[in-house]
Each structure stands twice: as structure tokens, then as C-alpha cells.
file upload.csv (CSV, C-alpha atoms and all ligand atoms)
chain,number,residue,atom,x,y,z
A,29,ALA,CA,-12.7,-26.1,-52.9
A,30,PRO,CA,-10.9,-29.3,-51.9
A,31,ALA,CA,-10.1,-29.4,-48.2
A,32,ALA,CA,-6.5,-29.3,-47.3
A,33,PRO,CA,-5.1,-32.6,-46.2
A,34,ARG,CA,-5.6,-32.9,-42.4
A,35,ARG,CA,-2.5,-32.6,-40.3
A,36,ALA,CA,-2.3,-34.2,-36.9
A,37,ILE,CA,-2.8,-32.1,-33.8
A,38,ARG,CA,0.5,-31.1,-32.1
A,39,GLU,CA,1.3,-29.0,-29.1
A,40,LEU,CA,3.0,-25.8,-30.2
A,41,PRO,CA,6.7,-25.3,-29.2
A,42,ASP,CA,7.1,-23.0,-26.1
A,43,GLU,CA,8.9,-20.3,-28.1
A,44,LEU,CA,6.0,-20.1,-30.6
A,45,ILE,CA,3.4,-20.0,-27.8
A,46,SER,CA,5.3,-17.0,-26.3
A,47,GLN,CA,5.5,-15.3,-29.7
A,48,ILE,CA,1.7,-15.7,-30.2
A,49,ALA,CA,1.0,-14.5,-26.7
A,50,ALA,CA,3.3,-11.5,-27.2
A,51,GLY,CA,1.1,-10.4,-30.0
A,52,GLU,CA,-1.6,-9.5,-27.5
A,53,VAL,CA,0.7,-7.6,-25.2
A,54,VAL,CA,3.5,-6.1,-27.3
A,55,GLU,CA,2.2,-4.1,-30.2
A,56,ARG,CA,5.0,-1.4,-30.4
A,57,PRO,CA,7.8,0.1,-28.3
A,58,ALA,CA,5.2,2.0,-26.2
A,59,SER,CA,3.7,-1.3,-25.0
A,60,VAL,CA,7.2,-2.4,-23.8
A,61,VAL,CA,7.6,0.9,-22.0
A,62,ARG,CA,4.2,0.5,-20.4
A,63,GLU,CA,4.9,-3.0,-19.1
A,64,LEU,CA,8.4,-2.1,-17.8
A,65,VAL,CA,7.2,1.0,-16.0
A,66,ASP,CA,4.3,-1.0,-14.5
A,67,ASN,CA,6.9,-3.4,-13.1
A,68,ALA,CA,9.1,-0.6,-11.7
A,69,LEU,CA,6.1,0.8,-10.0
A,70,ASP,CA,5.1,-2.6,-8.6
A,71,ALA,CA,8.6,-2.8,-7.2
A,72,GLY,CA,8.0,0.3,-5.2
A,73,ALA,CA,10.4,2.6,-7.3
A,74,SER,CA,10.6,6.2,-6.4
A,75,GLN,CA,12.6,7.2,-9.5
A,76,ILE,CA,12.1,5.7,-12.9
A,77,GLN,CA,14.3,6.4,-16.0
A,78,VAL,CA,13.3,5.5,-19.5
A,79,LYS,CA,16.0,5.6,-22.1
A,80,LEU,CA,15.1,5.2,-25.7
A,81,MET,CA,17.0,4.8,-29.0
A,82,ALA,CA,15.3,5.3,-32.4
A,83,GLY,CA,11.8,5.8,-30.9
A,84,GLY,CA,12.3,2.7,-28.8
A,85,VAL,CA,12.7,0.4,-31.8
A,86,ARG,CA,16.5,0.1,-31.4
A,87,ALA,CA,16.5,0.1,-27.6
A,88,ILE,CA,14.4,0.7,-24.5
A,89,VAL,CA,16.0,0.7,-21.1
A,90,VAL,CA,13.9,1.2,-18.0
A,91,GLU,CA,15.8,1.6,-14.7
A,92,ASP,CA,14.3,1.8,-11.3
A,93,ASP,CA,15.3,2.0,-7.6
A,94,GLY,CA,12.8,-0.5,-6.4
A,95,LEU,CA,13.1,-3.7,-4.5
A,96,GLY,CA,15.0,-5.6,-7.1
A,97,ILE,CA,14.9,-9.3,-7.9
A,98,PRO,CA,17.0,-12.0,-6.1
A,99,ALA,CA,19.6,-13.5,-8.5
A,100,GLU,CA,18.1,-17.0,-8.1
A,101,GLU,CA,14.7,-15.7,-9.3
A,102,LEU,CA,15.9,-13.9,-12.4
A,103,PRO,CA,15.4,-16.9,-14.7
A,104,LEU,CA,11.8,-17.2,-13.3
A,105,ALA,CA,11.1,-13.6,-14.0
A,106,LEU,CA,11.4,-14.3,-17.7
A,107,LYS,CA,9.2,-17.4,-17.6
A,108,ARG,CA,5.6,-17.3,-18.9
A,109,HIS,CA,3.0,-17.2,-16.2
A,110,ALA,CA,5.5,-16.7,-13.4
A,111,THR,CA,4.8,-13.9,-11.0
A,112,SER,CA,5.5,-12.7,-7.5
A,113,LYS,CA,2.3,-10.7,-7.4
A,114,ILE,CA,-0.5,-13.2,-7.0
A,115,ARG,CA,-0.7,-16.8,-5.7
A,116,SER,CA,-4.4,-17.6,-5.9
A,117,LEU,CA,-7.8,-16.7,-7.3
A,118,GLU,CA,-8.6,-14.8,-4.1
A,119,GLU,CA,-5.5,-12.7,-4.5
A,120,LEU,CA,-6.4,-12.1,-8.2
A,121,GLU,CA,-9.8,-10.8,-7.1
A,122,SER,CA,-8.3,-8.2,-4.8
A,123,VAL,CA,-5.1,-7.5,-6.8
A,124,ALA,CA,-3.5,-4.1,-6.1
A,125,THR,CA,-0.5,-4.3,-8.3
A,126,MET,CA,-0.3,-3.2,-11.9
A,127,GLY,CA,0.9,-6.6,-13.0
A,128,PHE,CA,-0.3,-10.1,-12.1
A,129,ARG,CA,-0.3,-12.2,-15.3
A,130,GLY,CA,3.4,-13.0,-15.3
A,131,GLU,CA,3.5,-12.5,-19.0
A,132,ALA,CA,5.2,-9.3,-19.9
A,133,LEU,CA,8.9,-10.2,-19.6
A,134,ALA,CA,8.3,-13.5,-21.3
A,135,ALA,CA,6.4,-11.9,-24.1
A,136,ILE,CA,9.0,-9.1,-24.7
A,137,SER,CA,11.9,-11.6,-24.6
A,138,SER,CA,10.2,-13.7,-27.3
A,139,VAL,CA,10.1,-10.7,-29.7
A,140,ALA,CA,13.3,-8.8,-28.8
A,141,GLU,CA,16.7,-9.1,-27.3
A,142,MET,CA,16.4,-8.6,-23.6
A,143,SER,CA,18.6,-8.5,-20.5
A,144,VAL,CA,17.6,-7.8,-16.9
A,145,ALA,CA,20.1,-6.5,-14.3
A,146,SER,CA,19.0,-6.3,-10.7
A,147,ARG,CA,20.2,-6.0,-7.2
A,148,PHE,CA,17.9,-7.3,-4.6
A,149,ALA,CA,17.9,-5.3,-1.4
A,150,GLY,CA,20.6,-6.7,0.8
A,151,ALA,CA,22.5,-8.6,-1.9
A,152,ALA,CA,26.2,-8.2,-2.1
A,153,HIS,CA,26.1,-7.2,-5.8
A,154,ALA,CA,23.8,-7.1,-8.8
A,155,HIS,CA,23.3,-9.9,-11.4
A,156,ARG,CA,22.5,-9.6,-15.1
A,157,LEU,CA,20.6,-12.2,-17.0
A,158,ASP,CA,20.7,-12.4,-20.7
A,159,ALA,CA,17.4,-13.7,-22.0
A,160,ARG,CA,18.7,-15.4,-25.2
A,161,SER,CA,21.8,-17.1,-23.7
A,162,GLY,CA,20.4,-17.6,-20.3
A,163,GLU,CA,23.7,-16.5,-19.0
A,164,LEU,CA,23.7,-15.0,-15.4
A,165,VAL,CA,26.7,-12.8,-14.6
A,166,PRO,CA,27.7,-10.4,-11.9
A,167,ALA,CA,26.8,-6.8,-12.7
A,168,ALA,CA,27.4,-3.3,-11.4
A,169,ARG,CA,24.3,-1.7,-10.0
A,170,SER,CA,23.8,0.0,-6.6
A,171,ARG,CA,20.1,-0.9,-6.3
A,172,GLY,CA,16.9,-1.7,-8.2
A,173,THR,CA,16.4,-3.1,-11.6
A,174,SER,CA,17.4,-2.2,-15.1
A,175,VAL,CA,15.7,-4.0,-18.1
A,176,GLU,CA,17.2,-3.5,-21.5
A,177,VAL,CA,15.2,-4.4,-24.6
A,178,ARG,CA,16.9,-4.2,-28.0
A,179,GLU,CA,15.8,-4.7,-31.6
A,180,LEU,CA,12.1,-5.1,-31.0
A,181,PHE,CA,10.5,-7.6,-33.5
A,182,PHE,CA,14.0,-8.4,-35.0
A,183,SER,CA,12.8,-12.0,-35.3
A,184,THR,CA,9.3,-11.2,-36.5
A,185,PRO,CA,9.7,-9.0,-39.6
A,186,ALA,CA,6.0,-9.1,-40.3
A,187,ARG,CA,5.4,-7.3,-36.9
A,188,ARG,CA,8.2,-5.0,-37.5
A,189,LYS,CA,6.6,-3.7,-40.7
A,190,PHE,CA,3.7,-2.3,-38.7
A,191,LEU,CA,6.0,0.1,-36.8
A,192,LYS,CA,5.7,3.7,-37.8
A,193,THR,CA,8.5,6.3,-38.0
A,194,ASP,CA,10.8,6.7,-35.0
A,195,ALA,CA,9.2,10.1,-34.2
A,196,THR,CA,5.8,8.5,-34.1
A,197,GLU,CA,7.0,5.6,-31.9
A,198,LEU,CA,8.7,8.0,-29.6
A,199,ALA,CA,5.5,10.0,-29.3
A,200,HIS,CA,3.7,6.8,-28.3
A,201,CYS,CA,6.4,6.0,-25.7
A,202,LEU,CA,6.1,9.4,-24.2
A,203,GLU,CA,2.4,9.1,-24.0
A,204,SER,CA,2.8,5.8,-22.2
A,205,VAL,CA,5.1,7.4,-19.6
A,206,ARG,CA,2.7,10.4,-19.3
A,207,ARG,CA,-0.2,8.1,-18.4
A,208,HIS,CA,1.9,6.6,-15.6
A,209,ALA,CA,3.2,10.0,-14.5
A,210,LEU,CA,-0.3,11.4,-14.1
A,211,ALA,CA,-1.3,8.6,-11.8
A,212,ARG,CA,1.9,8.6,-9.7
A,213,PRO,CA,3.0,12.1,-8.7
A,214,ASP,CA,4.9,10.5,-5.8
A,215,VAL,CA,7.4,9.0,-8.3
A,216,GLY,CA,9.9,10.9,-10.4
A,217,PHE,CA,10.2,10.1,-14.1
A,218,THR,CA,12.8,11.0,-16.7
A,219,VAL,CA,12.7,10.1,-20.4
A,220,TRP,CA,15.8,10.2,-22.6
A,221,HIS,CA,15.9,9.8,-26.3
A,222,GLU,CA,19.2,9.3,-28.2
A,223,GLY,CA,21.1,10.4,-25.1
A,224,LYS,CA,19.1,13.6,-24.7
A,225,LEU,CA,16.7,14.4,-21.8
A,226,VAL,CA,13.2,14.8,-23.3
A,227,GLU,CA,11.0,14.8,-20.2
A,228,GLN,CA,11.5,15.2,-16.6
A,229,TRP,CA,8.7,15.0,-14.0
A,230,ARG,CA,9.9,15.4,-10.4
A,231,ALA,CA,8.0,13.8,-7.6
A,232,GLY,CA,5.6,16.2,-5.8
A,233,SER,CA,2.0,17.0,-5.3
A,234,SER,CA,-0.8,15.7,-7.5
A,235,GLU,CA,-1.6,19.3,-8.6
A,236,ALA,CA,2.0,20.0,-9.5
A,237,ARG,CA,2.2,16.8,-11.5
A,238,LEU,CA,-1.0,17.5,-13.4
A,239,ALA,CA,0.3,21.0,-14.3
A,240,ASP,CA,3.7,19.6,-15.2
A,241,VAL,CA,2.3,16.9,-17.5
A,242,LEU,CA,-0.7,18.7,-19.0
A,243,GLY,CA,0.4,22.3,-18.8
A,244,ASP,CA,-0.7,25.4,-17.0
A,245,GLU,CA,-3.3,26.1,-19.6
A,246,PHE,CA,-5.2,22.9,-18.9
A,247,MET,CA,-5.1,23.8,-15.1
A,248,ALA,CA,-6.5,27.2,-15.8
A,249,GLU,CA,-9.2,25.9,-18.1
A,250,SER,CA,-10.3,22.9,-15.9
A,251,ARG,CA,-12.1,22.5,-12.6
A,252,PRO,CA,-11.6,20.0,-9.8
A,253,VAL,CA,-13.9,17.0,-9.7
A,254,TYR,CA,-14.7,15.3,-6.5
A,255,ALA,CA,-17.4,12.8,-5.5
A,256,GLU,CA,-17.6,10.1,-2.9
A,257,ASN,CA,-20.3,7.5,-2.6
A,258,GLY,CA,-19.7,4.5,-0.4
A,259,PRO,CA,-17.0,2.3,-2.1
A,260,LEU,CA,-16.8,4.7,-5.1
A,261,ARG,CA,-14.6,7.8,-5.2
A,262,ILE,CA,-14.2,9.9,-8.2
A,263,TYR,CA,-11.7,12.8,-8.5
A,264,GLY,CA,-9.5,14.7,-10.9
A,265,ARG,CA,-10.1,17.6,-13.2
A,266,ALA,CA,-12.6,18.3,-15.9
A,267,GLY,CA,-11.8,20.8,-18.7
A,268,LEU,CA,-14.2,23.6,-19.3
A,269,PRO,CA,-16.2,23.5,-22.5
A,270,GLU,CA,-14.0,26.3,-24.0
A,271,ALA,CA,-10.9,24.1,-23.5
A,272,ALA,CA,-12.4,21.4,-25.7
A,273,ARG,CA,-10.3,20.3,-28.6
A,274,SER,CA,-10.9,18.8,-32.0
A,275,ARG,CA,-9.0,15.6,-31.0
A,276,ALA,CA,-9.6,13.3,-28.1
A,277,ASP,CA,-6.0,13.5,-27.1
A,278,MET,CA,-6.3,14.8,-23.5
A,279,GLN,CA,-8.7,12.3,-21.9
A,280,TYR,CA,-7.3,10.2,-19.1
A,281,VAL,CA,-9.3,7.8,-17.0
A,282,TYR,CA,-7.8,5.6,-14.3
A,283,VAL,CA,-9.5,2.9,-12.3
A,284,ASN,CA,-7.7,2.1,-9.1
A,285,GLY,CA,-4.5,3.7,-10.4
A,286,ARG,CA,-4.6,1.9,-13.7
A,287,TYR,CA,-5.0,3.8,-17.0
A,288,VAL,CA,-8.1,2.4,-18.8
A,289,ARG,CA,-10.1,3.1,-21.9
A,290,ASP,CA,-13.6,2.4,-20.9
A,291,LYS,CA,-16.6,3.2,-23.1
A,292,LEU,CA,-19.0,3.3,-20.2
A,293,ILE,CA,-17.0,5.9,-18.3
A,294,ALA,CA,-16.2,7.9,-21.5
A,295,HIS,CA,-19.9,8.0,-22.2
A,296,GLY,CA,-20.7,9.1,-18.7
A,297,ILE,CA,-18.3,11.9,-19.0
A,298,ARG,CA,-19.5,12.8,-22.4
A,299,SER,CA,-23.1,13.0,-21.2
A,300,ALA,CA,-22.0,15.5,-18.5
A,301,TYR,CA,-21.0,17.8,-21.3
A,302,GLU,CA,-24.0,17.3,-23.5
A,303,ASP,CA,-25.6,20.7,-22.8
A,304,VAL,CA,-22.4,22.6,-23.1
A,305,LEU,CA,-20.4,21.0,-25.8
A,306,HIS,CA,-21.6,20.7,-29.3
A,307,GLY,CA,-20.6,18.9,-32.5
A,308,HIS,CA,-17.4,16.9,-32.4
A,309,ARG,CA,-15.5,19.0,-29.8
A,310,GLN,CA,-13.7,16.7,-27.4
A,311,PRO,CA,-13.5,17.5,-23.7
A,312,CYS,CA,-10.2,17.3,-21.8
A,313,TYR,CA,-10.2,15.5,-18.5
A,314,VAL,CA,-8.2,13.5,-16.0
A,315,LEU,CA,-10.4,11.3,-13.8
A,316,PHE,CA,-9.4,8.9,-11.1
A,317,ILE,CA,-11.9,6.3,-10.1
A,318,GLU,CA,-11.3,4.4,-6.9
A,319,ILE,CA,-13.6,1.5,-6.3
A,320,ALA,CA,-13.5,-1.5,-4.0
A,321,PRO,CA,-11.5,-4.2,-5.9
A,322,ASP,CA,-14.3,-6.7,-5.7
A,323,ARG,CA,-16.5,-4.4,-7.7
A,324,VAL,CA,-14.3,-4.3,-10.7
A,325,ASP,CA,-12.7,-7.0,-12.8
A,326,VAL,CA,-9.3,-6.0,-14.2
A,327,ASN,CA,-8.6,-9.3,-15.9
A,328,VAL,CA,-10.6,-8.7,-19.0
A,329,HIS,CA,-7.9,-7.8,-21.5
A,330,PRO,CA,-4.2,-8.9,-21.8
A,331,THR,CA,-3.1,-5.3,-21.6
A,332,LYS,CA,-5.6,-4.6,-18.8
A,333,ILE,CA,-6.7,-1.5,-20.6
A,334,GLU,CA,-10.3,-2.6,-20.3
A,335,VAL,CA,-12.2,-3.3,-17.1
A,336,ARG,CA,-15.6,-4.6,-16.2
A,337,PHE,CA,-17.7,-3.1,-13.4
A,338,ARG,CA,-20.0,-5.1,-11.3
A,339,ASP,CA,-22.4,-2.2,-11.3
A,340,GLY,CA,-21.7,-0.3,-14.5
A,341,ARG,CA,-24.8,1.8,-14.5
A,342,GLU,CA,-24.0,3.2,-11.1
A,343,VAL,CA,-20.5,4.0,-12.1
A,344,HIS,CA,-21.8,5.7,-15.3
A,345,GLN,CA,-24.2,7.8,-13.3
A,346,ARG,CA,-21.8,8.8,-10.6
A,347,VAL,CA,-19.2,9.8,-13.2
A,348,ARG,CA,-21.7,11.9,-15.0
A,349,TYR,CA,-22.9,13.7,-11.9
A,350,ALA,CA,-19.3,14.2,-10.6
A,351,VAL,CA,-18.3,15.9,-13.9
A,352,GLN,CA,-21.6,17.8,-14.2
A,353,ASP,CA,-21.1,19.2,-10.6
A,354,ALA,CA,-17.6,20.3,-11.4
A,355,LEU,CA,-18.7,22.1,-14.5
A,356,ALA,CA,-21.8,23.6,-12.8
A,357,THR,CA,-19.8,24.9,-9.9
A,358,SER,CA,-17.5,26.7,-12.3
A,359,ARG,CA,-20.5,28.4,-14.1
A,360,SER,CA,-22.2,29.5,-10.9
A,361,ALA,CA,-18.9,30.8,-9.6
A,362,GLU,CA,-18.5,32.8,-12.7
A,363,VAL,CA,-22.0,34.2,-12.5
A,364,ALA,CA,-21.5,35.0,-8.8
A,365,SER,CA,-18.2,36.8,-9.3
A,366,PRO,CA,-19.0,40.5,-9.9
A,367,ALA,CA,-18.3,41.7,-13.5
A,368,ALA,CA,-15.8,39.0,-14.1
B,401,LIG,P1,3.9,-9.6,-13.7
B,401,LIG,O1,4.3,-8.1,-13.6
B,401,LIG,O2,2.6,-9.8,-14.2
B,401,LIG,O3,4.2,-10.3,-12.4
B,401,LIG,P2,6.2,-9.7,-15.5
B,401,LIG,O4,6.5,-10.6,-16.6
B,401,LIG,O5,6.0,-8.2,-15.9
B,401,LIG,O6,4.9,-10.2,-14.8
B,401,LIG,O7,7.3,-9.8,-14.4
B,401,LIG,C1,7.6,-11.0,-13.8
B,401,LIG,C2,8.1,-10.9,-12.4
B,401,LIG,O8,9.4,-10.3,-12.4
B,401,LIG,C3,7.3,-10.0,-11.5
B,401,LIG,O9,6.3,-10.6,-10.9
B,401,LIG,C4,8.4,-9.5,-10.5
B,401,LIG,O10,8.5,-10.3,-9.5
B,401,LIG,C5,9.7,-9.5,-11.3
B,401,LIG,N1,10.0,-8.1,-11.9
B,401,LIG,C6,9.9,-7.7,-13.1
B,401,LIG,N2,10.3,-6.4,-13.3
B,401,LIG,C7,10.7,-6.0,-12.1
B,401,LIG,C8,11.3,-4.8,-11.5
B,401,LIG,N3,11.5,-3.7,-12.3
B,401,LIG,N4,11.6,-4.8,-10.2
B,401,LIG,C9,11.4,-5.9,-9.4
B,401,LIG,N5,10.9,-7.1,-9.9
B,401,LIG,C10,10.5,-7.1,-11.2
B,402,MG,MG,4.5,-6.8,-15.2

call {"tool": "encode", "arguments": {"input": "upload.csv", "output": "C-alpha cells", "more": "lines below"}}
Ligand code: ADP
Ligand code: MG
result
Amino acid sequence: APAAPRRAIRELPDELISQIAAGEVVERPASVVRELVDNALDAGASQIQVKLMAGGVRAIVVEDDGLGIPAEELPLALKRHATSKIRSLEELESVATMGFRGEALAAISSVAEMSVASRFAGAAHAHRLDARSGELVPAARSRGTSVEVRELFFSTPARRKFLKTDATELAHCLESVRRHALARPDVGFTVWHEGKLVEQWRAGSSEARLADVLGDEFMAESRPVYAENGPLRIYGRAGLPEAARSRADMQYVYVNGRYVRDKLIAHGIRSAYEDVLHGHRQPCYVLFIEIAPDRVDVNVHPTKIEVRFRDGREVHQRVRYAVQDALATSRSAEVASPAA
């Protein structure tokens, strides 16, 4: 085939760069929810409200009672690669916040209508910045930040076509909040849809939060996991084999507080079940892995859902043993209890 005539190399316009980058971070309303709740947590919020319209496609509002953003920094908050969370490579390597790439707000504002209202601690009043117009106006807000996102993908119809029904998008948004809620029992979460309260998780103990989010049945049919080896700590709950399901929809793994999908860890867990779980049955579990930050790289994927361990084999093995122990303890306890 004849080659197309060559076109000269050009730098892409900023707006298009942001839209391309947004493709990696913002897939659907639930991705926006994830990023905004991450930001609220990084701001030290103790209460987070998520308000959705039409499964989040029409509107997503995330409100927090965190530190807030000074008015003069609001425009920067929406700029690509602008962040308050890291300053250097050293800080990246020991990053403790959920965010650090300075991409989310810029990405979201390039594929949706967005405004940010915030009152920085100590400021006389709040300010609201409209992303499109750049207008900064006084706003009423007692504290914290409220980010409002409307009409996701309004300017990118090709992306919008990939969205599912409102009910499906809502389910994904709820799952996104659930993932945060499991990791942060110290924070209260509420989710509203079309003006109706759909979830409320009050701040409390870790046990209470697991029961609230995953249900009493999961608590009854799971056993505590705990293992500590030097810089690696593994804890959580592993579902008993009889609690296994046909779908892998109750499997939560966190590394240093961040929800991840990691093949290595999933495999380690799976192998702990190999003698007790057969066929395609899927175990239920919530595992929190705490590891020294210099032993894990979280900057592998734009959404940070993947991580890379310095010593993957060790993590795999420790996870496997930790879960095996939890399951074995439960079996020996059952054998030991008289005529149970
Ligand atoms: P990142 O989280 O990677 O820094 P974002 O684009 O998500 O990038 O946010 C940019 C900056 O805006 C953050 O670094 C933070 O300073 C500020 N920010 C965003 N959301 C909030 C919030 N809810 N509360 C306080 N500050 C926020
Ligand atoms: Mg962020």
C-alpha cells in the first residue's frame, strides 16, 4: 500500500495531551470517584461524602472535611503534574500518600465539567474555581473541599459510548468507595445516589468496618490472618473454603493502604487454598500487606493498581503461609472443639 504523505512533527496542544493522559486514569465514573476519594484521604478527611447522579455519569460530587486548598493554589491543583505531595525522587521512593502524580484533577477536567470549592484551614471563606472558565469566586463552605464533576466524557463521545447502564456504573462507583472504606475504618463514608442515601459506613474499629462492608456472614465464615516478618506485615481475614464463591468478587488486597490487583499476591493466596478449594471456586479475602516503602514500587501504573516488589518471591511465600496458617488454625480449632 502507498505510504501516507508524511506530516511534519508537531507538539500536541496541551488540551489534547491532557485528554490522551486522561484515557489512562479515567475510564468510567468509578475512576473519578477513586481519584477524588484518594485526594480527600490525602487531605486528612475524617468524613467523606460521595453524591452521584445517573450512576455518576451526570454528576459526581465528593466532599471532605480535610485540610483544604489555599485559594491561590486552586488553579495549580488543576494543572497537569502539579502536586503538593512529592518534591523529589527521594520523596517518590518513600511516598505515603495515595496520590503523587499530580494528574487526576487535570485529567478529569479535560474530559468533564469540573469545579473545586475549598476552604483552607484558617481562611476567611471558601473559594470555588470553575475549570472551564478559570473563574475563581467566593463560595460558602465551612471547611474542607468539594469537587464537582459533571457530564463525564461530554466532549469525547467515543469514550462515552463505552459507559454501561447507570445501574452498572453506580455499582462500580460503590465498589470503588467500598475498597477505600475497607482500608480506612477511621474515616466515615456516605454515598448518595439521586438524592437518596445508599451507603453509610461510620468510623469505628477495623472489625466493625469489615463487618459493615462485607457482611456478618463473611465475618462468621472467615478467619483472622496475621503474620509479621521483619519489614513485612500481613493481616486481614481469609474466608473459609465453604465460603468460596463462583465469582472472584470478594477479594481485596492492599499494599501499604492502597488497593491493588497483584497477580503474585493473588497466586500466593490461591496456593494457600490449593488443598481445600477445588475447581473454579473463588476464595473470599481481605488482606493488608504493610511493607517498607523502599521494598515496593507503586509507580508502575497510572492508576497505581499494580505494584512491583523488590523481593516478590518472599512476599508470595509469606502471603501463602499467612493464609495457610489462618485456615489451618480454624481447622484444628474445629477438630479440638468437642462434638462441634
Ligand atoms: P495528586 O493527588 O497526585 O497530587 P491531583 O490532581 O489528584 O494530584 O490533585 C492535585 C493537588 O490538589 C493535590 O496534590 C492536592 O494538593 C490538591 N487537592 C486535590 N484534592 C484535594 C482535596 N480534596 N483536599 C485538599 N487538597 C486537594
Ligand atoms: Mg490525587

call {"tool": "closest_atom_pairs", "arguments": {"input": "upload.csv", "of": "chain A", "to": "ligand MG 402 (chain B)", "cutoff": "7 Å", "atoms": "all atoms listed in the file", "output": "tab-separated table"}}
result
residue	atom	partner	partner_atom	distance
A:Glu63	CA	B:MG402	MG	5.5
A:Leu64	CA	B:MG402	MG	6.6
A:Asp66	CA	B:MG402	MG	5.8
A:Asn67	CA	B:MG402	MG	4.7
A:Met126	CA	B:MG402	MG	6.8
A:Gly127	CA	B:MG402	MG	4.2
A:Phe128	CA	B:MG402	MG	6.6
A:Gly130	CA	B:MG402	MG	6.3
A:Glu131	CA	B:MG402	MG	6.9
A:Ala132	CA	B:MG402	MG	5.4

call {"tool": "closest_residue", "arguments": {"input": "upload.csv", "among": "A:Ser250, A:Ser299, A:Thr184, A:Gln279", "to": "A:Gly51", "atoms": "all atoms listed in the file"}}
result
A:Thr184

call {"tool": "closest_atom_pairs", "arguments": {"input": "upload.csv", "of": "chain A", "to": "ligand LIG 401 (chain B)", "cutoff": "6 Å", "atoms": "all atoms listed in the file", "output": "JSON lines"}}
result
{"residue": "A:Asn67", "atom": "CA", "partner": "B:LIG401", "partner_atom": "N2", "distance": 4.5}
{"residue": "A:Ala68", "atom": "CA", "partner": "B:LIG401", "partner_atom": "N3", "distance": 4.0}
{"residue": "A:Ala71", "atom": "CA", "partner": "B:LIG401", "partner_atom": "N4", "distance": 4.7}
{"residue": "A:Gly94", "atom": "CA", "partner": "B:LIG401", "partner_atom": "N4", "distance": 5.9}
{"residue": "A:Leu95", "atom": "CA", "partner": "B:LIG401", "partner_atom": "C9", "distance": 5.6}
{"residue": "A:Gly96", "atom": "CA", "partner": "B:LIG401", "partner_atom": "C9", "distance": 4.3}
{"residue": "A:Ile97", "atom": "CA", "partner": "B:LIG401", "partner_atom": "N5", "distance": 5.0}
{"residue": "A:Ala105", "atom": "CA", "partner": "B:LIG401", "partner_atom": "O8", "distance": 4.0}
{"residue": "A:Thr111", "atom": "CA", "partner": "B:LIG401", "partner_atom": "O9", "distance": 3.6}
{"residue": "A:Ser112", "atom": "CA", "partner": "B:LIG401", "partner_atom": "O9", "distance": 4.1}
{"residue": "A:Lys113", "atom": "CA", "partner": "B:LIG401", "partner_atom": "O9", "distance": 5.3}
{"residue": "A:Gly127", "atom": "CA", "partner": "B:LIG401", "partner_atom": "O1", "distance": 3.8}
{"residue": "A:Phe128", "atom": "CA", "partner": "B:LIG401", "partner_atom": "O2", "distance": 3.6}
{"residue": "A:Arg129", "atom": "CA", "partner": "B:LIG401", "partner_atom": "O2", "distance": 3.9}
{"residue": "A:Gly130", "atom": "CA", "partner": "B:LIG401", "partner_atom": "O6", "distance": 3.2}
{"residue": "A:Glu131", "atom": "CA", "partner": "B:LIG401", "partner_atom": "O4", "distance": 4.3}
{"residue": "A:Ala132", "atom": "CA", "partner": "B:LIG401", "partner_atom": "O4", "distance": 3.8}
{"residue": "A:Leu133", "atom": "CA", "partner": "B:LIG401", "partner_atom": "O4", "distance": 3.9}
{"residue": "A:Ala134", "atom": "CA", "partner": "B:LIG401", "partner_atom": "O4", "distance": 5.8}
{"residue": "A:Thr173", "atom": "CA", "partner": "B:LIG401", "partner_atom": "N3", "distance": 5.0}

call {"tool": "atom_distance", "arguments": {"input": "upload.csv", "atom1": "atom CA of A:Gln77", "atom2": "atom CA of A:Phe316"}}
result
24.3 Å

call {"tool": "atom_distance", "arguments": {"input": "upload.csv", "atom1": "atom CA of A:Ala73", "atom2": "atom CA of A:Val215"}}
result
7.1 Å

call {"tool": "atom_distance", "arguments": {"input": "upload.csv", "atom1": "atom CA of A:Ala151", "atom2": "atom CA of A:Pro98"}}
result
7.7 Å

call {"tool": "residues_around", "arguments": {"input": "upload.csv", "residues": "stretch 337-351 of chain A", "least_positions_apart": "2", "cutoff": "7 Å", "atoms": "all atoms listed in the file", "output": "list in words"}}
result
Val253, Tyr254, Ala255, Ala266, Leu292, Ile293, Gly296, Ile297, Ser299, Ala300, Arg323, Val324, Asp325, Val335, Asp353, Ala354 and Leu355 of chain A

call {"tool": "closest_atom_pairs", "arguments": {"input": "upload.csv", "of": "stretch 260-313 of chain A", "to": "stretch 229-235 of chain A", "cutoff": "12 Å", "atoms": "only C-alpha atoms", "output": "tab-separated table"}}
result
residue	atom	partner	partner_atom	distance
A:Tyr263	CA	A:Ser234	CA	11.3
A:Gly264	CA	A:Ser234	CA	9.4
A:Arg265	CA	A:Glu235	CA	9.8

call {"tool": "closest_residue", "arguments": {"input": "upload.csv", "among": "A:Cys312, A:Gly307, A:Asp244, A:Arg38", "to": "A:Arg273", "atoms": "only C-alpha atoms"}}
result
A:Cys312

call {"tool": "closest_residue", "arguments": {"input": "upload.csv", "among": "A:Lys224, A:Leu104, A:Ala140, A:Ala167", "to": "A:Pro185", "atoms": "only C-alpha atoms"}}
result
A:Ala140

call {"tool": "closest_residue", "arguments": {"input": "upload.csv", "among": "A:Glu55, A:Glu249, A:Glu39, A:Asp93", "to": "A:Gly72", "atoms": "only C-alpha atoms"}}
result
A:Asp93
